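Novice: Structure file structure08.pdb, PDB, C-alpha atoms, is pasted below:
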```pdb
ATOM      1  CA  MET M   1      96.840 108.763  89.409  1.00  0.00           C
ATOM      2  CA  LEU M   2      97.814 111.765  91.535  1.00  0.00           C
ATOM      3  CA  LYS M   3      97.020 109.981  94.781  1.00  0.00           C
ATOM      4  CA  LYS M   4      99.222 107.060  93.686  1.00  0.00           C
ATOM      5  CA  ILE M   5     102.114 109.442  93.018  1.00  0.00           C
ATOM      6  CA  LEU M   6     101.642 111.120  96.386  1.00  0.00           C
ATOM      7  CA  ARG M   7     101.585 107.733  98.090  1.00  0.00           C
ATOM      8  CA  VAL M   8     104.850 106.742  96.372  1.00  0.00           C
ATOM      9  CA  VAL M   9     106.418 109.999  97.545  1.00  0.00           C
ATOM     10  CA  ALA M  10     105.154 109.300 101.050  1.00  0.00           C
ATOM     11  CA  VAL M  11     106.640 105.785 101.008  1.00  0.00           C
ATOM     12  CA  LEU M  12     109.991 107.156  99.877  1.00  0.00           C
ATOM     13  CA  LEU M  13     109.942 109.684 102.671  1.00  0.00           C
ATOM     14  CA  VAL M  14     109.221 106.933 105.177  1.00  0.00           C
ATOM     15  CA  ALA M  15     112.604 105.447 104.371  1.00  0.00           C
ATOM     16  CA  ALA M  16     114.228 108.769 105.277  1.00  0.00           C
ATOM     17  CA  THR M  17     112.076 109.589 108.312  1.00  0.00           C
ATOM     18  CA  VAL M  18     110.970 106.453 110.087  1.00  0.00           C
ATOM     19  CA  TYR M  19     108.952 108.089 112.869  1.00  0.00           C
ATOM     20  CA  ALA M  20     107.130 110.800 110.915  1.00  0.00           C
ATOM     21  CA  GLU M  21     103.382 110.667 110.477  1.00  0.00           C
ATOM     22  CA  PHE M  22     101.867 111.307 107.037  1.00  0.00           C
ATOM     23  CA  TYR M  23      98.591 113.109 106.544  1.00  0.00           C
ATOM     24  CA  GLU M  24      96.550 113.837 103.449  1.00  0.00           C
ATOM     25  CA  VAL M  25      95.705 117.525 103.585  1.00  0.00           C
ATOM     26  CA  ASN M  26      93.921 120.031 101.381  1.00  0.00           C
ATOM     27  CA  VAL M  27      95.701 123.362 101.762  1.00  0.00           C
ATOM     28  CA  THR M  28      95.036 126.969 100.900  1.00  0.00           C
ATOM     29  CA  ARG M  29      97.704 129.631 101.249  1.00  0.00           C
ATOM     30  CA  VAL M  30      96.620 132.285 103.753  1.00  0.00           C
ATOM     31  CA  GLU M  31      99.762 134.421 103.573  1.00  0.00           C
ATOM     32  CA  GLN M  32     103.507 133.960 103.120  1.00  0.00           C
ATOM     33  CA  ASN M  33     104.603 130.821 105.000  1.00  0.00           C
ATOM     34  CA  LEU M  34     101.108 130.144 106.337  1.00  0.00           C
ATOM     35  CA  TYR M  35      98.731 127.521 104.941  1.00  0.00           C
ATOM     36  CA  ARG M  36      95.405 126.253 106.223  1.00  0.00           C
ATOM     37  CA  ASP M  37      94.157 122.703 105.913  1.00  0.00           C
ATOM     38  CA  THR M  38      90.570 123.018 104.729  1.00  0.00           C
ATOM     39  CA  LEU M  39      89.669 119.621 106.187  1.00  0.00           C
ATOM     40  CA  SER M  40      90.919 119.920 109.775  1.00  0.00           C
ATOM     41  CA  ARG M  41      91.074 123.741 109.835  1.00  0.00           C
ATOM     42  CA  ALA M  42      94.654 123.505 111.189  1.00  0.00           C
ATOM     43  CA  PHE M  43      97.287 126.079 110.269  1.00  0.00           C
ATOM     44  CA  ILE M  44     100.592 124.896 108.809  1.00  0.00           C
ATOM     45  CA  VAL M  45     103.504 127.276 109.323  1.00  0.00           C
ATOM     46  CA  THR M  46     106.322 126.849 106.795  1.00  0.00           C
ATOM     47  CA  ARG M  47     109.778 128.309 106.223  1.00  0.00           C
ATOM     48  CA  TYR M  48     110.769 129.948 102.905  1.00  0.00           C
ATOM     49  CA  CYS M  49     107.778 128.462 101.072  1.00  0.00           C
ATOM     50  CA  TYR M  50     106.688 130.300  97.944  1.00  0.00           C
ATOM     51  CA  GLN M  51     104.116 127.796  96.679  1.00  0.00           C
ATOM     52  CA  TYR M  52     100.707 129.293  95.922  1.00  0.00           C
ATOM     53  CA  ALA M  53      97.845 126.942  96.694  1.00  0.00           C
ATOM     54  CA  TYR M  54      94.084 127.189  96.704  1.00  0.00           C
ATOM     55  CA  SER M  55      92.329 124.037  97.890  1.00  0.00           C
ATOM     56  CA  GLU M  56      95.239 121.880  96.715  1.00  0.00           C
ATOM     57  CA  ASP M  57      95.802 118.282  97.818  1.00  0.00           C
ATOM     58  CA  ALA M  58      99.127 117.692  99.522  1.00  0.00           C
ATOM     59  CA  ILE M  59     100.926 115.364 101.912  1.00  0.00           C
ATOM     60  CA  LEU M  60     102.033 116.573 105.327  1.00  0.00           C
ATOM     61  CA  SER M  61     104.969 114.665 106.835  1.00  0.00           C
ATOM     62  CA  TYR M  62     104.965 115.743 110.463  1.00  0.00           C
ATOM     63  CA  GLU M  63     106.349 114.691 113.810  1.00  0.00           C
ATOM     64  CA  ALA M  64     106.257 117.052 116.776  1.00  0.00           C
ATOM     65  CA  TYR M  65     109.672 118.456 117.715  1.00  0.00           C
ATOM     66  CA  SER M  66     111.271 117.165 114.519  1.00  0.00           C
ATOM     67  CA  TYR M  67     113.409 119.247 112.159  1.00  0.00           C
ATOM     68  CA  ASN M  68     112.490 117.160 109.130  1.00  0.00           C
ATOM     69  CA  ASN M  69     108.795 118.073 108.715  1.00  0.00           C
ATOM     70  CA  LYS M  70     107.627 118.676 105.132  1.00  0.00           C
ATOM     71  CA  LEU M  71     104.576 119.802 103.189  1.00  0.00           C
ATOM     72  CA  ILE M  72     104.631 118.108  99.768  1.00  0.00           C
ATOM     73  CA  PHE M  73     102.457 119.567  97.013  1.00  0.00           C
ATOM     74  CA  GLU M  74     100.938 117.835  93.973  1.00  0.00           C
ATOM     75  CA  ASP M  75     103.672 119.083  91.638  1.00  0.00           C
ATOM     76  CA  GLY M  76     106.397 117.588  93.853  1.00  0.00           C
ATOM     77  CA  THR M  77     107.425 120.871  95.470  1.00  0.00           C
ATOM     78  CA  SER M  78     108.140 120.473  99.165  1.00  0.00           C
ATOM     79  CA  CYS M  79     108.437 123.052 101.919  1.00  0.00           C
ATOM     80  CA  ASP M  80     109.885 122.827 105.405  1.00  0.00           C
ATOM     81  CA  VAL M  81     107.208 122.874 108.102  1.00  0.00           C
ATOM     82  CA  VAL M  82     107.956 124.759 111.308  1.00  0.00           C
ATOM     83  CA  LYS M  83     104.780 123.848 113.197  1.00  0.00           C
ATOM     84  CA  VAL M  84     101.147 122.863 112.895  1.00  0.00           C
ATOM     85  CA  THR M  85      98.606 124.640 115.075  1.00  0.00           C
ATOM     86  CA  LYS M  86      94.841 124.950 115.380  1.00  0.00           C
TER
END
```
Please express the file's structure as structure tokens.

Specialist:
Amino acid sequence: MLKKILRVVAVLLVAATVYAEFYEVNVTRVEQNLYRDTLSRAFIVTRYCYQYAYSEDAILSYEAYSYNNKLIFEDGTSCDVVKVTK
């Protein structure tokens, strides 16, 4: 059920951001505005994100050099993504 909801959210975001890529991630909060994807081991740097997460499924909408990147959590909360780095 949750994956279906996340997919619907992803489809709706596609309408707003045509060129963005969507990734299924499993994130853990490392510190304020820094999350780590437990699958790829990549770091996700956010802006003004107060969501606590420990091994939580989420959707990453990301395109390099875009200002519309988002990290969308299971509860529907979304945070602006500044960059993704390894």

Novice: Taking the file as I've supplied it (selection: the PyMOL selection byres ((chain M and resi 82) around 8)), which residues are included? Please answer as an MDAnalysis selection string.

Specialist: chainID M and resid 44:47 67 69 80:81 83:84

Novice: Output C-alpha atoms for every residue in the selection just made, as a PDB file, in the frame of the given file.

Specialist:
```
ATOM      1  CA  ILE M  44     100.592 124.896 108.809  1.00  0.00           C
ATOM      2  CA  VAL M  45     103.504 127.276 109.323  1.00  0.00           C
ATOM      3  CA  THR M  46     106.322 126.849 106.795  1.00  0.00           C
ATOM      4  CA  ARG M  47     109.778 128.309 106.223  1.00  0.00           C
ATOM      5  CA  TYR M  67     113.409 119.247 112.159  1.00  0.00           C
ATOM      6  CA  ASN M  69     108.795 118.073 108.715  1.00  0.00           C
ATOM      7  CA  ASP M  80     109.885 122.827 105.405  1.00  0.00           C
ATOM      8  CA  VAL M  81     107.208 122.874 108.102  1.00  0.00           C
ATOM      9  CA  LYS M  83     104.780 123.848 113.197  1.00  0.00           C
ATOM     10  CA  VAL M  84     101.147 122.863 112.895  1.00  0.00           C
TER      11      VAL M  84
END
```

Novice: Can you translate the PyMOL selection byres ((chain M and resi 59) around 6) into the concrete residues it hits in this file, as a ChimeraX atom specification?

Specialist: /M:23-25,58,60,71-72

Novice: To one decimal in Å, tell me the separation between CA of Thr85 in chain M and CA of Cys49 in chain M.

Specialist: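 Distance between the two atoms: 17.2 Å.
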
Novice: Taking all atoms of range 56-64 of chain M that the file lists and extending 8 Å past them on each side, where is the centre of the axis-aligned box and how long are its edges? Answer in Å to one decimal, as AutoDock Vina command-line options.

Specialist:
```
--center_x 100.8 --center_y 118.3 --center_z 106.7 --size_x 27.1 --size_y 23.2 --size_z 36.1
```

Novice: So, with all atoms listed in the file as the atoms that count, which of M:Cys79, M:Leu39, M:Leu34, M:Val27 lies closest to Asp57 in chain M?

Specialist: M:Val27

Novice: Suppose you want the space between CA of Ser61 in chain M and CA of Glu21 in chain M; what is it in Å?

Specialist: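 Between these atoms lies a distance of 5.6 Å.
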
Novice: Report, in Å with one decimal, the straight-line distance from CA of Glu74 in chain M to CA of Thr28 in chain M.

Specialist: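 Value for the CA of Glu74 in chain M-CA of Thr28 in chain M distance: 12.9 Å.
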
Novice: Hey, which of M:Ala42, M:Glu31, M:Phe22, M:Ser66 ends up closest to Tyr54 in chain M? Count all atoms listed in the file.

Specialist: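 Closest to Tyr54 in chain M, using all atoms listed in the file: M:Glu31.
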
Novice: Of the candidates M:Tyr48, M:Lys70, M:Arg36, M:Tyr65, which shows the shortest atom-to-atom distance to Lys86 in chain M, using all atoms listed in the file?

Specialist: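 Result for the nearest residue to Lys86 in chain M: M:Arg36.
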
Novice: Can you sort out range 25-61 of chain M so it carries N, CA and C atoms, written as a CSV table (one decimal), in the frame of the given file?

Specialist:
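Produced file out.csv, reproduced below:
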```
chain,number,residue,atom,x,y,z
M,25,VAL,N,96.3,116.2,103.3
M,25,VAL,CA,95.7,117.5,103.6
M,25,VAL,C,95.2,118.2,102.3
M,26,ASN,N,94.4,119.2,102.5
M,26,ASN,CA,93.9,120.0,101.4
M,26,ASN,C,94.2,121.5,101.8
M,27,VAL,N,95.2,122.1,101.2
M,27,VAL,CA,95.7,123.4,101.8
M,27,VAL,C,95.4,124.5,100.9
M,28,THR,N,95.2,125.7,101.5
M,28,THR,CA,95.0,127.0,100.9
M,28,THR,C,96.0,127.9,101.6
M,29,ARG,N,96.7,128.7,100.7
M,29,ARG,CA,97.7,129.6,101.2
M,29,ARG,C,97.0,130.8,101.8
M,30,VAL,N,97.2,131.2,103.1
M,30,VAL,CA,96.6,132.3,103.8
M,30,VAL,C,97.5,133.5,103.6
M,31,GLU,N,98.8,133.4,103.8
M,31,GLU,CA,99.8,134.4,103.6
M,31,GLU,C,101.1,133.8,103.5
M,32,GLN,N,102.2,134.5,103.3
M,32,GLN,CA,103.5,134.0,103.1
M,32,GLN,C,103.8,133.1,104.3
M,33,ASN,N,104.2,131.8,104.0
M,33,ASN,CA,104.6,130.8,105.0
M,33,ASN,C,103.5,130.4,105.9
M,34,LEU,N,102.2,130.6,105.5
M,34,LEU,CA,101.1,130.1,106.3
M,34,LEU,C,100.0,129.5,105.4
M,35,TYR,N,99.7,128.3,105.7
M,35,TYR,CA,98.7,127.5,104.9
M,35,TYR,C,97.7,127.0,105.9
M,36,ARG,N,96.5,126.8,105.4
M,36,ARG,CA,95.4,126.3,106.2
M,36,ARG,C,94.9,125.0,105.6
M,37,ASP,N,94.8,123.9,106.4
M,37,ASP,CA,94.2,122.7,105.9
M,37,ASP,C,92.7,122.9,105.9
M,38,THR,N,92.0,122.8,104.8
M,38,THR,CA,90.6,123.0,104.7
M,38,THR,C,89.8,121.9,105.4
M,39,LEU,N,90.4,120.7,105.6
M,39,LEU,CA,89.7,119.6,106.2
M,39,LEU,C,89.7,119.7,107.7
M,40,SER,N,90.8,119.9,108.3
M,40,SER,CA,90.9,119.9,109.8
M,40,SER,C,90.9,121.3,110.3
M,41,ARG,N,91.0,122.3,109.5
M,41,ARG,CA,91.1,123.7,109.8
M,41,ARG,C,92.4,124.1,110.6
M,42,ALA,N,93.4,123.2,110.5
M,42,ALA,CA,94.7,123.5,111.2
M,42,ALA,C,95.5,124.4,110.3
M,43,PHE,N,96.3,125.2,111.0
M,43,PHE,CA,97.3,126.1,110.3
M,43,PHE,C,98.6,125.4,110.2
M,44,ILE,N,99.3,125.5,109.0
M,44,ILE,CA,100.6,124.9,108.8
M,44,ILE,C,101.6,126.0,108.6
M,45,VAL,N,102.5,126.2,109.4
M,45,VAL,CA,103.5,127.3,109.3
M,45,VAL,C,104.7,126.7,108.7
M,46,THR,N,105.2,127.3,107.6
M,46,THR,CA,106.3,126.8,106.8
M,46,THR,C,107.5,127.8,106.9
M,47,ARG,N,108.6,127.4,106.3
M,47,ARG,CA,109.8,128.3,106.2
M,47,ARG,C,110.2,128.4,104.8
M,48,TYR,N,110.3,129.7,104.3
M,48,TYR,CA,110.8,129.9,102.9
M,48,TYR,C,110.0,129.2,101.8
M,49,CYS,N,108.7,129.2,102.0
M,49,CYS,CA,107.8,128.5,101.1
M,49,CYS,C,107.1,129.5,100.2
M,50,TYR,N,107.3,129.4,98.9
M,50,TYR,CA,106.7,130.3,97.9
M,50,TYR,C,105.6,129.7,97.1
M,51,GLN,N,105.1,128.5,97.5
M,51,GLN,CA,104.1,127.8,96.7
M,51,GLN,C,102.7,128.4,96.9
M,52,TYR,N,102.1,128.8,95.8
M,52,TYR,CA,100.7,129.3,95.9
M,52,TYR,C,99.8,128.1,95.8
M,53,ALA,N,98.8,128.1,96.7
M,53,ALA,CA,97.8,126.9,96.7
M,53,ALA,C,96.5,127.4,97.1
M,54,TYR,N,95.5,126.9,96.4
M,54,TYR,CA,94.1,127.2,96.7
M,54,TYR,C,93.3,125.9,96.6
M,55,SER,N,93.0,125.3,97.8
M,55,SER,CA,92.3,124.0,97.9
M,55,SER,C,93.1,122.9,97.1
M,56,GLU,N,94.4,122.8,97.4
M,56,GLU,CA,95.2,121.9,96.7
M,56,GLU,C,95.6,120.7,97.6
M,57,ASP,N,95.4,119.5,97.1
M,57,ASP,CA,95.8,118.3,97.8
M,57,ASP,C,97.3,118.2,98.0
M,58,ALA,N,97.7,117.8,99.2
M,58,ALA,CA,99.1,117.7,99.5
M,58,ALA,C,99.3,116.6,100.6
M,59,ILE,N,100.6,116.3,100.9
M,59,ILE,CA,100.9,115.4,101.9
M,59,ILE,C,101.7,116.1,103.0
M,60,LEU,N,101.3,116.0,104.2
M,60,LEU,CA,102.0,116.6,105.3
M,60,LEU,C,102.8,115.5,106.1
M,61,SER,N,104.1,115.6,106.1
M,61,SER,CA,105.0,114.7,106.8
M,61,SER,C,105.3,115.4,108.1
```
